[in-house]
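Listing of input30.csv, CSV, C-alpha atoms
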chain,number,residue,atom,x,y,z
I,1,MET,CA,118.0,-36.5,104.4
I,2,VAL,CA,115.5,-34.6,102.3
I,3,LYS,CA,113.7,-31.6,104.0
I,4,MET,CA,110.0,-32.0,103.4
I,5,GLY,CA,108.8,-28.5,104.1
I,6,LYS,CA,105.0,-28.6,104.2
I,7,ASP,CA,103.6,-32.0,105.2
I,8,TYR,CA,100.7,-32.3,102.8
I,9,TYR,CA,99.8,-35.7,104.3
I,10,ASP,CA,99.6,-34.2,107.8
I,11,ILE,CA,97.5,-31.3,106.5
I,12,LEU,CA,94.9,-33.8,105.2
I,13,GLY,CA,95.2,-36.0,108.3
I,14,ILE,CA,96.5,-39.1,106.5
I,15,LYS,CA,99.7,-41.1,106.3
I,16,LYS,CA,102.2,-41.3,103.5
I,17,GLY,CA,101.2,-44.1,101.2
I,18,ALA,CA,97.5,-43.4,101.5
I,19,SER,CA,95.3,-44.5,98.6
I,20,GLU,CA,93.7,-42.2,96.0
I,21,ASP,CA,90.3,-42.9,97.7
I,22,ASP,CA,91.8,-42.1,101.1
I,23,ILE,CA,93.1,-38.8,99.7
I,24,LYS,CA,89.7,-37.9,98.4
I,25,LYS,CA,87.9,-38.8,101.6
I,26,ALA,CA,90.4,-36.8,103.6
I,27,TYR,CA,90.0,-33.7,101.4
I,28,ARG,CA,86.3,-33.9,101.6
I,29,LYS,CA,86.3,-34.1,105.4
I,30,GLN,CA,88.9,-31.3,105.9
I,31,ALA,CA,87.5,-29.0,103.2
I,32,LEU,CA,84.0,-29.2,104.7
I,33,ARG,CA,85.4,-28.6,108.2
I,34,PHE,CA,87.4,-25.5,107.4
I,35,HIS,CA,85.3,-23.9,104.6
I,36,PRO,CA,85.2,-20.2,105.5
I,37,ASP,CA,81.5,-20.0,104.7
I,38,LYS,CA,80.9,-22.2,107.7
I,39,ASN,CA,84.0,-22.0,109.8
I,40,LYS,CA,84.3,-18.4,111.1
I,41,SER,CA,87.4,-19.1,113.3
I,42,ALA,CA,90.6,-17.1,112.7
I,43,GLY,CA,92.9,-18.8,110.2
I,44,ALA,CA,90.1,-20.9,108.6
I,45,GLU,CA,90.6,-19.2,105.2
I,46,GLU,CA,94.4,-20.0,105.2
I,47,LYS,CA,93.8,-23.5,106.4
I,48,PHE,CA,91.2,-24.0,103.7
I,49,LYS,CA,93.8,-22.9,101.1
I,50,GLU,CA,96.4,-25.2,102.5
I,51,ILE,CA,94.0,-28.1,102.3
I,52,ALA,CA,93.3,-27.3,98.7
I,53,GLU,CA,97.0,-27.1,97.9
I,54,ALA,CA,97.7,-30.5,99.6
I,55,TYR,CA,94.9,-32.1,97.6
I,56,ASP,CA,96.0,-30.5,94.4
I,57,VAL,CA,99.5,-32.1,94.9
I,58,LEU,CA,98.5,-35.5,96.3
I,59,SER,CA,95.6,-36.1,93.8
I,60,ASP,CA,98.0,-35.6,90.8
I,61,PRO,CA,100.2,-38.7,90.4
I,62,LYS,CA,103.1,-36.8,88.8
I,63,LYS,CA,103.2,-34.1,91.4
I,64,LYS,CA,102.7,-36.6,94.2
I,65,ASP,CA,105.6,-38.7,93.0
I,66,ILE,CA,108.0,-35.8,93.0
I,67,TYR,CA,106.7,-34.6,96.4
I,68,ASP,CA,107.2,-38.1,97.9
I,69,ARG,CA,110.8,-38.3,96.6
I,70,TYR,CA,112.0,-34.8,97.0
I,71,GLY,CA,109.6,-33.0,99.4
I,72,GLU,CA,108.1,-29.5,99.0
I,73,GLU,CA,111.5,-27.9,98.1
I,74,GLY,CA,112.0,-30.4,95.3
I,75,LEU,CA,108.5,-30.0,94.1
I,76,LYS,CA,108.7,-26.2,94.0
I,77,GLY,CA,112.2,-26.1,92.4
I,78,GLY,CA,114.2,-25.3,95.4
I,79,GLY,CA,116.8,-27.9,94.8
I,80,ILE,CA,117.8,-30.9,97.0
I,81,PRO,CA,120.0,-30.3,100.0
I,82,GLY,CA,123.3,-32.2,99.6
I,83,GLY,CA,123.3,-32.1,95.9
I,84,GLY,CA,121.2,-35.2,95.4
I,85,GLY,CA,119.4,-35.8,92.1
I,86,GLY,CA,116.2,-33.9,91.5
I,87,PRO,CA,113.3,-33.4,89.1
I,88,GLY,CA,115.3,-31.3,86.7
I,89,ASN,CA,114.0,-27.8,86.2
I,90,PHE,CA,110.4,-28.8,87.2
I,91,SER,CA,108.8,-26.1,89.3
I,92,TYR,CA,105.4,-26.0,90.9
I,93,SER,CA,103.5,-23.3,92.7
I,94,PHE,CA,99.9,-23.4,93.9
I,95,GLN,CA,98.0,-20.8,91.9
I,96,GLY,CA,94.5,-22.2,92.0
I,97,ASP,CA,91.5,-20.9,93.7
I,98,PRO,CA,90.6,-23.2,96.6
I,99,HIS,CA,86.9,-22.3,96.2
I,100,VAL,CA,87.0,-23.4,92.5
I,101,ILE,CA,88.7,-26.7,93.5
I,102,PHE,CA,86.0,-27.2,96.2
I,103,ALA,CA,83.2,-26.5,93.6
I,104,GLU,CA,84.9,-28.8,91.1
I,105,PHE,CA,85.2,-31.6,93.7
I,106,PHE,CA,81.6,-31.5,94.6
I,107,GLY,CA,80.4,-31.2,91.0
I,108,GLY,CA,79.0,-27.7,91.5
I,109,ARG,CA,76.8,-28.7,94.4
I,110,ASN,CA,76.5,-26.7,97.6
I,111,PRO,CA,76.8,-29.4,100.3
I,112,PHE,CA,76.0,-27.0,103.1
I,113,GLU,CA,72.7,-26.0,101.6
I,114,GLN,CA,71.4,-29.6,101.6
I,115,PHE,CA,72.9,-31.0,104.8
I,116,PHE,CA,73.8,-28.1,107.1
I,117,GLY,CA,71.4,-25.3,105.9
I,118,GLY,CA,69.2,-25.7,108.9
I,119,ARG,CA,72.0,-25.2,111.4
I,120,ASN,CA,72.6,-21.8,112.9
I,121,GLY,CA,76.2,-20.7,112.7
I,122,GLY,CA,79.1,-23.1,112.0
I,123,MET,CA,79.0,-26.8,111.2
I,124,ASP,CA,79.2,-29.2,114.2
I,125,GLU,CA,82.9,-30.3,114.2
I,126,ASP,CA,82.0,-33.5,115.9
I,127,MET,CA,79.8,-34.6,113.0
I,128,ASP,CA,81.2,-37.1,110.5
I,129,THR,CA,81.1,-35.1,107.3
I,130,GLU,CA,81.6,-38.1,105.1
I,131,ASP,CA,78.6,-40.2,106.0
I,132,PRO,CA,75.8,-37.9,104.6
I,133,PHE,CA,77.4,-37.8,101.1
I,134,ALA,CA,78.0,-41.6,101.2
I,135,ARG,CA,74.4,-42.1,101.9
I,136,PHE,CA,73.3,-40.1,98.9
I,137,GLY,CA,75.8,-41.8,96.5
I,138,MET,CA,78.2,-38.8,96.5
I,139,GLY,CA,81.1,-40.5,98.2
I,140,GLY,CA,84.1,-42.4,96.9
I,141,GLY,CA,85.6,-41.7,93.5
I,142,GLY,CA,82.5,-40.3,91.9
I,143,ILE,CA,83.2,-36.7,92.7
I,144,GLY,CA,86.8,-35.7,93.4
I,145,GLY,CA,90.0,-36.4,91.6
I,146,PHE,CA,89.1,-34.7,88.3
I,147,PRO,CA,92.2,-34.1,86.2
I,148,ARG,CA,93.3,-30.5,86.0
I,149,SER,CA,95.3,-28.8,83.3
I,150,PHE,CA,99.0,-28.0,84.0
I,151,SER,CA,101.7,-26.8,81.7
I,152,SER,CA,105.5,-26.5,81.7
I,153,GLY,CA,108.5,-26.5,79.5
I,154,MET,CA,109.7,-29.8,80.8
I,155,GLY,CA,107.8,-33.0,80.2
I,156,GLY,CA,104.4,-31.4,80.3
I,157,MET,CA,104.7,-30.6,84.0
I,158,GLY,CA,104.9,-27.2,85.6
I,159,PRO,CA,103.1,-24.4,87.4
I,160,HIS,CA,99.5,-25.3,88.2
I,161,THR,CA,96.7,-23.6,86.4
I,162,SER,CA,93.3,-24.4,87.8
I,163,VAL,CA,90.8,-24.9,85.1
I,164,VAL,CA,87.1,-25.7,85.8
I,165,LYS,CA,86.0,-28.2,83.2
I,166,LYS,CA,82.4,-27.4,82.4
I,167,HIS,CA,79.9,-29.8,80.9
I,168,GLN,CA,76.3,-29.4,79.8
I,169,ASP,CA,73.7,-31.7,81.3
I,170,PRO,CA,71.1,-33.5,79.1
I,171,PRO,CA,68.0,-31.5,78.1
I,172,VAL,CA,65.3,-31.0,80.8
I,173,VAL,CA,62.1,-32.3,79.2
I,174,HIS,CA,58.6,-31.3,80.2
I,175,ASP,CA,55.3,-32.4,78.7
I,176,LEU,CA,53.0,-29.6,77.6
I,177,GLN,CA,49.3,-30.5,77.2
I,178,VAL,CA,47.2,-28.7,74.7
I,179,THR,CA,43.6,-29.0,73.7
I,180,LEU,CA,42.4,-29.6,70.2
I,181,GLU,CA,40.8,-26.2,70.2
I,182,GLU,CA,44.3,-24.6,70.9
I,183,VAL,CA,45.8,-26.7,68.1
I,184,LEU,CA,43.0,-25.5,65.8
I,185,SER,CA,43.6,-21.8,66.4
I,186,GLY,CA,47.2,-21.6,67.8
I,187,CYS,CA,48.0,-20.1,71.1
I,188,THR,CA,50.7,-18.9,73.5
I,189,LYS,CA,51.5,-20.8,76.7
I,190,ARG,CA,53.3,-19.1,79.5
I,191,MET,CA,55.3,-21.6,81.5
I,192,LYS,CA,57.0,-20.7,84.8
I,193,ILE,CA,60.3,-22.4,85.6
I,194,SER,CA,62.7,-22.2,88.5
I,195,ARG,CA,66.4,-22.5,87.8
I,196,LYS,CA,69.8,-21.9,89.4
I,197,ARG,CA,72.0,-19.1,88.2
I,198,LEU,CA,75.6,-18.2,89.1
I,199,ASN,CA,76.2,-15.1,91.1
I,200,PRO,CA,78.8,-12.5,90.0
I,201,ASP,CA,81.4,-14.2,92.3
I,202,GLY,CA,81.4,-17.2,90.0
I,203,ARG,CA,81.0,-19.7,92.9
I,204,SER,CA,77.7,-19.3,94.7
I,205,VAL,CA,74.3,-19.8,93.0
I,206,ARG,CA,70.9,-18.2,93.4
I,207,VAL,CA,67.4,-19.6,92.5
I,208,GLU,CA,65.3,-17.5,90.2
I,209,ASP,CA,62.0,-17.9,88.4
I,210,LYS,CA,61.5,-17.2,84.7
I,211,ILE,CA,58.5,-17.2,82.4
I,212,LEU,CA,59.0,-18.9,79.1
I,213,GLU,CA,56.5,-18.1,76.4
I,214,VAL,CA,55.8,-21.2,74.2
I,215,GLN,CA,54.2,-20.3,70.8
I,216,ILE,CA,51.9,-23.1,69.8
I,217,LYS,CA,51.3,-22.9,66.0
I,218,LYS,CA,48.2,-24.1,64.2
I,219,GLY,CA,48.0,-27.8,63.5
I,220,TRP,CA,51.1,-28.8,65.5
I,221,LYS,CA,51.2,-32.5,66.0
I,222,GLU,CA,51.6,-34.4,69.3
I,223,GLY,CA,55.3,-35.0,69.9
I,224,THR,CA,56.4,-31.6,68.5
I,225,LYS,CA,59.4,-30.3,70.5
I,226,ILE,CA,60.0,-26.7,71.4
I,227,THR,CA,63.6,-26.0,72.7
I,228,PHE,CA,64.7,-23.1,74.9
I,229,PRO,CA,68.6,-23.2,74.8
I,230,LYS,CA,70.5,-23.0,78.1
I,231,GLU,CA,67.5,-22.2,80.3
I,232,GLY,CA,68.3,-24.9,82.9
I,233,ASP,CA,70.4,-24.8,86.0
I,234,GLU,CA,73.8,-23.2,86.0
I,235,THR,CA,76.7,-24.0,88.5
I,236,PRO,CA,80.5,-23.4,88.5
I,237,THR,CA,81.0,-26.6,86.5
I,238,VAL,CA,77.7,-27.0,84.6
I,239,ILE,CA,76.6,-25.1,81.5
I,240,PRO,CA,72.8,-24.6,81.6
I,241,ALA,CA,70.9,-27.4,80.0
I,242,ASP,CA,68.4,-26.8,77.3
I,243,VAL,CA,64.7,-26.8,78.4
I,244,VAL,CA,62.5,-28.8,76.0
I,245,PHE,CA,58.7,-28.8,75.9
I,246,VAL,CA,57.0,-31.8,74.2
I,247,LEU,CA,53.4,-31.3,73.0
I,248,LYS,CA,50.9,-33.8,74.3
I,249,ASP,CA,47.2,-33.9,73.3
I,250,LYS,CA,44.9,-33.3,76.2
I,251,PRO,CA,42.1,-35.9,76.1
I,252,HIS,CA,39.0,-34.4,74.5
I,253,PRO,CA,35.4,-35.2,75.7
I,254,VAL,CA,34.0,-35.4,72.2
I,255,PHE,CA,36.7,-35.9,69.6
I,256,LYS,CA,39.7,-38.1,69.0
I,257,ARG,CA,42.7,-37.0,66.9
I,258,ASP,CA,44.0,-38.9,63.9
I,259,GLY,CA,46.8,-36.7,62.5
I,260,SER,CA,45.2,-33.7,61.0
I,261,ASP,CA,41.7,-35.4,61.0
I,262,ILE,CA,39.4,-35.5,64.0
I,263,VAL,CA,37.0,-38.4,64.7
I,264,TYR,CA,33.5,-38.0,66.2
I,265,THR,CA,31.7,-41.1,67.3
I,266,ALA,CA,27.9,-41.0,66.6
I,267,LYS,CA,25.9,-43.5,68.6
I,268,ILE,CA,22.8,-44.7,66.7
I,269,SER,CA,20.1,-47.3,67.3
I,270,LEU,CA,19.9,-50.6,65.5
I,271,ARG,CA,16.7,-49.3,63.8
I,272,ASP,CA,18.6,-46.2,62.5
I,273,ALA,CA,21.4,-48.4,61.3
I,274,LEU,CA,19.1,-50.5,59.3
I,275,CYS,CA,16.6,-47.8,58.1
I,276,GLY,CA,18.9,-44.8,57.6
I,277,CYS,CA,19.4,-41.8,59.9
I,278,THR,CA,20.5,-38.2,60.2
I,279,VAL,CA,23.2,-37.2,62.7
I,280,ASN,CA,24.0,-33.6,63.8
I,281,ALA,CA,27.8,-33.8,64.3
I,282,PRO,CA,29.6,-31.1,66.3
I,283,THR,CA,32.7,-29.3,65.0
I,284,LEU,CA,35.7,-27.9,66.9
I,285,ASP,CA,34.6,-24.3,66.5
I,286,GLY,CA,31.2,-24.9,68.0
I,287,ARG,CA,29.0,-25.4,64.9
I,288,THR,CA,27.1,-28.5,63.8
I,289,VAL,CA,27.0,-30.2,60.5
I,290,THR,CA,24.3,-32.5,59.3
I,291,VAL,CA,25.2,-36.0,58.1
I,292,SER,CA,22.5,-38.1,56.6
I,293,THR,CA,22.5,-41.6,55.2
I,294,THR,CA,19.9,-43.8,53.7
I,295,ASP,CA,22.2,-46.8,53.4
I,296,ILE,CA,22.5,-49.6,56.0
I,297,VAL,CA,25.2,-48.7,58.4
I,298,GLN,CA,27.8,-51.4,58.2
I,299,PRO,CA,30.3,-52.2,61.0
I,300,GLY,CA,33.2,-49.7,60.9
I,301,MET,CA,31.4,-47.4,58.5
I,302,LYS,CA,32.6,-43.7,58.5
I,303,ARG,CA,31.5,-40.6,56.8
I,304,ARG,CA,34.0,-37.9,55.9
I,305,ILE,CA,33.2,-34.1,56.1
I,306,SER,CA,36.0,-32.3,54.3
I,307,GLY,CA,37.8,-29.3,55.8
I,308,GLU,CA,36.4,-29.6,59.4
I,309,GLY,CA,39.5,-31.1,61.0
I,310,LEU,CA,42.8,-29.5,62.2
I,311,PRO,CA,45.1,-27.3,60.1
I,312,TYR,CA,48.0,-29.0,58.3
I,313,PRO,CA,51.2,-28.1,60.2
I,314,LYS,CA,53.0,-27.2,57.0
I,315,ARG,CA,50.0,-25.6,55.3
I,316,PRO,CA,47.9,-24.1,58.1
I,317,ASP,CA,45.5,-22.4,55.6
I,318,ARG,CA,44.2,-25.9,54.8
I,319,ARG,CA,42.5,-28.3,57.2
I,320,GLY,CA,42.0,-32.0,57.6
I,321,ASP,CA,38.6,-33.7,57.8
I,322,LEU,CA,36.0,-34.6,60.3
I,323,LEU,CA,35.3,-38.3,60.4
I,324,VAL,CA,31.9,-39.4,61.7
I,325,GLU,CA,32.3,-42.9,63.0
I,326,TYR,CA,29.1,-44.8,63.7
I,327,GLU,CA,28.5,-46.9,66.8
I,328,VAL,CA,25.4,-49.1,66.8
I,329,LYS,CA,23.6,-49.5,70.0
I,330,PHE,CA,21.8,-52.9,70.2
I,331,PRO,CA,18.7,-53.3,72.3
I,332,GLU,CA,19.0,-55.2,75.5
I,333,ARG,CA,15.8,-57.1,74.9
I,334,LEU,CA,13.0,-57.6,72.3
I,335,SER,CA,9.4,-58.6,72.7
I,336,GLN,CA,8.3,-61.9,71.1
I,337,SER,CA,6.2,-60.0,68.6
I,338,ALA,CA,9.2,-57.8,67.6
I,339,ARG,CA,11.3,-61.0,67.2
I,340,ASP,CA,8.7,-62.5,65.0
I,341,THR,CA,8.4,-59.4,62.8
I,342,ILE,CA,12.2,-59.1,62.4
I,343,ALA,CA,12.4,-62.8,61.6
I,344,GLN,CA,9.8,-62.3,58.8
I,345,VAL,CA,11.4,-59.2,57.4
I,346,LEU,CA,15.2,-59.9,57.5
I,347,PRO,CA,16.8,-62.4,55.3
I,348,ARG,CA,18.6,-65.3,56.8
I,349,SER,CA,21.8,-64.6,55.0
Serialized structure, structure tokens:
Amino acid sequence: MVKMGKDYYDILGIKKGASEDDIKKAYRKQALRFHPDKNKSAGAEEKFKEIAEAYDVLSDPKKKDIYDRYGEEGLKGGGIPGGGGGPGNFSYSFQGDPHVIFAEFFGGRNPFEQFFGGRNGGMDEDMDTEDPFARFGMGGGGIGGFPRSFSSGMGGMGPHTSVVKKHQDPPVVHDLQVTLEEVLSGCTKRMKISRKRLNPDGRSVRVEDKILEVQIKKGWKEGTKITFPKEGDETPTVIPADVVFVLKDKPHPVFKRDGSDIVYTAKISLRDALCGCTVNAPTLDGRTVTVSTTDIVQPGMKRRISGEGLPYPKRPDRRGDLLVEYEVKFPERLSQSARDTIAQVLPRS
């Protein structure tokens, strides 16, 4: 009979033949229960390490198969009592950091912070530690069971080396509203962000604030992106994401933007539209320009004032135009005498 040594199934509280999902659920429950940050009882640290070792073996199909057939001694190269067949010169020893495995399993999250942070002292051992994560979509196979690197001189198997596989999250995108006046002259925006950063222990994280200075250059168009590399959250398994600001035009009370041109709508009466008029059009820098016309103002008619628009992004020493767009205000009512006069003066076609 094969001597089993450590009973990894018993350590996780499951039976031999348990499914992959059962192994993950068992590790989650036991690791949360005995994590030394919350469980201050004597021996919690050693128990936490045993749980990590049991999960490291049972979550790896190759190591699990050898353990199921030959027990701990066969797994760790101790030979099989009685001279039975064994796994060759395969040899395993747990060399991983149980805290890194814990962080890897939970994707870098701190589960205590969200679910148990309000409790004083240790976690309530009567509480079902699986349900909170299942409710938030963190249960099942979506977290644990990540493959880990291992090496050996025999068939690719051998002493375990724990490697945290880091990934970078997608960019964190923020809209940044700017006024037309700011686009005209250029400006600097100071944006305050809060982000997570790793502590020197490489496991725990802290939240810190940082001021990012965004240089808005003259003439930049809506949709321009400004990227700050790796200024997002950092965890044991996450490389900080890039932070991206996307320029958005703030609605202006007077002007509309059309590329590097700006549009001003001048409201004129029907009489001015027919007889000619003069409009004092404002500019972005606070001046006014006089625009006169003796022509009949046709629907959609615009007058262009050169060089009174926004700077061109690639040639900020030059500017677009100010477009004066006419909007004719029709009278709500006319007297009969006015109707008769208009009928006599205006042609029918």
In Å, rounded to a single decimal, give me how far atom CA of I:Gly17 is from atom CA of I:Glu50.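 These two atoms are separated by 19.5 Å.
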Could you please give me, as a list in words, the residues of protein, DNA or RNA lying at most 10 Å from (62.9, -33.7, 75.6) in the coordinate frame of the file, considering all atoms listed in the file?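 I get Pro170, Pro171, Val172, Val173, His174, Asp175, Gly223, Thr224, Lys225, Ile226, Thr227, Asp242, Val243, Val244, Phe245 and Val246 of chain I for the residues within 10 Å of that point.
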The distance between atom CA of I:Pro299 and atom CA of I:Asp272 is 13.2 Å
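Residue nearest I:Asp258 within the list I:Pro240, I:Gly219, I:Gly13, I:Pro229: I:Gly219 [criterion: smallest interatomic distance, only C-alpha atoms].
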Find the spatial neighbours of I:Thr278, counting only C-alpha atoms, within a cut-off of 9 Å - ignore same-chain residues fewer than 4 positions away - and output them as number ranges by chain. I: 272, 290-294
Which residue of I:Ser59, I:Ser19, I:Gln95, I:Ser306 approaches I:Asp321 most closely, using only C-alpha atoms: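 Result for the nearest residue to I:Asp321: I:Ser306.
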Who sits within 9 Å of stretch 205-214 of chain I, all atoms listed in the file, same chain under 4 positions skipped, as a PyMOL selection string: chain I and resi 110+187-199+226+228+231+233-236+245
Would you export the selected residues with C-alpha atoms as a PDB file, in the frame of the given file, please?
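Result file result_16.pdb:
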ATOM      1  CA  ASN I 110      76.500 -26.700  97.600  1.00  0.00           C
ATOM      2  CA  CYS I 187      48.000 -20.100  71.100  1.00  0.00           C
ATOM      3  CA  THR I 188      50.700 -18.900  73.500  1.00  0.00           C
ATOM      4  CA  LYS I 189      51.500 -20.800  76.700  1.00  0.00           C
ATOM      5  CA  ARG I 190      53.300 -19.100  79.500  1.00  0.00           C
ATOM      6  CA  MET I 191      55.300 -21.600  81.500  1.00  0.00           C
ATOM      7  CA  LYS I 192      57.000 -20.700  84.800  1.00  0.00           C
ATOM      8  CA  ILE I 193      60.300 -22.400  85.600  1.00  0.00           C
ATOM      9  CA  SER I 194      62.700 -22.200  88.500  1.00  0.00           C
ATOM     10  CA  ARG I 195      66.400 -22.500  87.800  1.00  0.00           C
ATOM     11  CA  LYS I 196      69.800 -21.900  89.400  1.00  0.00           C
ATOM     12  CA  ARG I 197      72.000 -19.100  88.200  1.00  0.00           C
ATOM     13  CA  LEU I 198      75.600 -18.200  89.100  1.00  0.00           C
ATOM     14  CA  ASN I 199      76.200 -15.100  91.100  1.00  0.00           C
ATOM     15  CA  ILE I 226      60.000 -26.700  71.400  1.00  0.00           C
ATOM     16  CA  PHE I 228      64.700 -23.100  74.900  1.00  0.00           C
ATOM     17  CA  GLU I 231      67.500 -22.200  80.300  1.00  0.00           C
ATOM     18  CA  ASP I 233      70.400 -24.800  86.000  1.00  0.00           C
ATOM     19  CA  GLU I 234      73.800 -23.200  86.000  1.00  0.00           C
ATOM     20  CA  THR I 235      76.700 -24.000  88.500  1.00  0.00           C
ATOM     21  CA  PRO I 236      80.500 -23.400  88.500  1.00  0.00           C
ATOM     22  CA  PHE I 245      58.700 -28.800  75.900  1.00  0.00           C
TER      23      PHE I 245
END
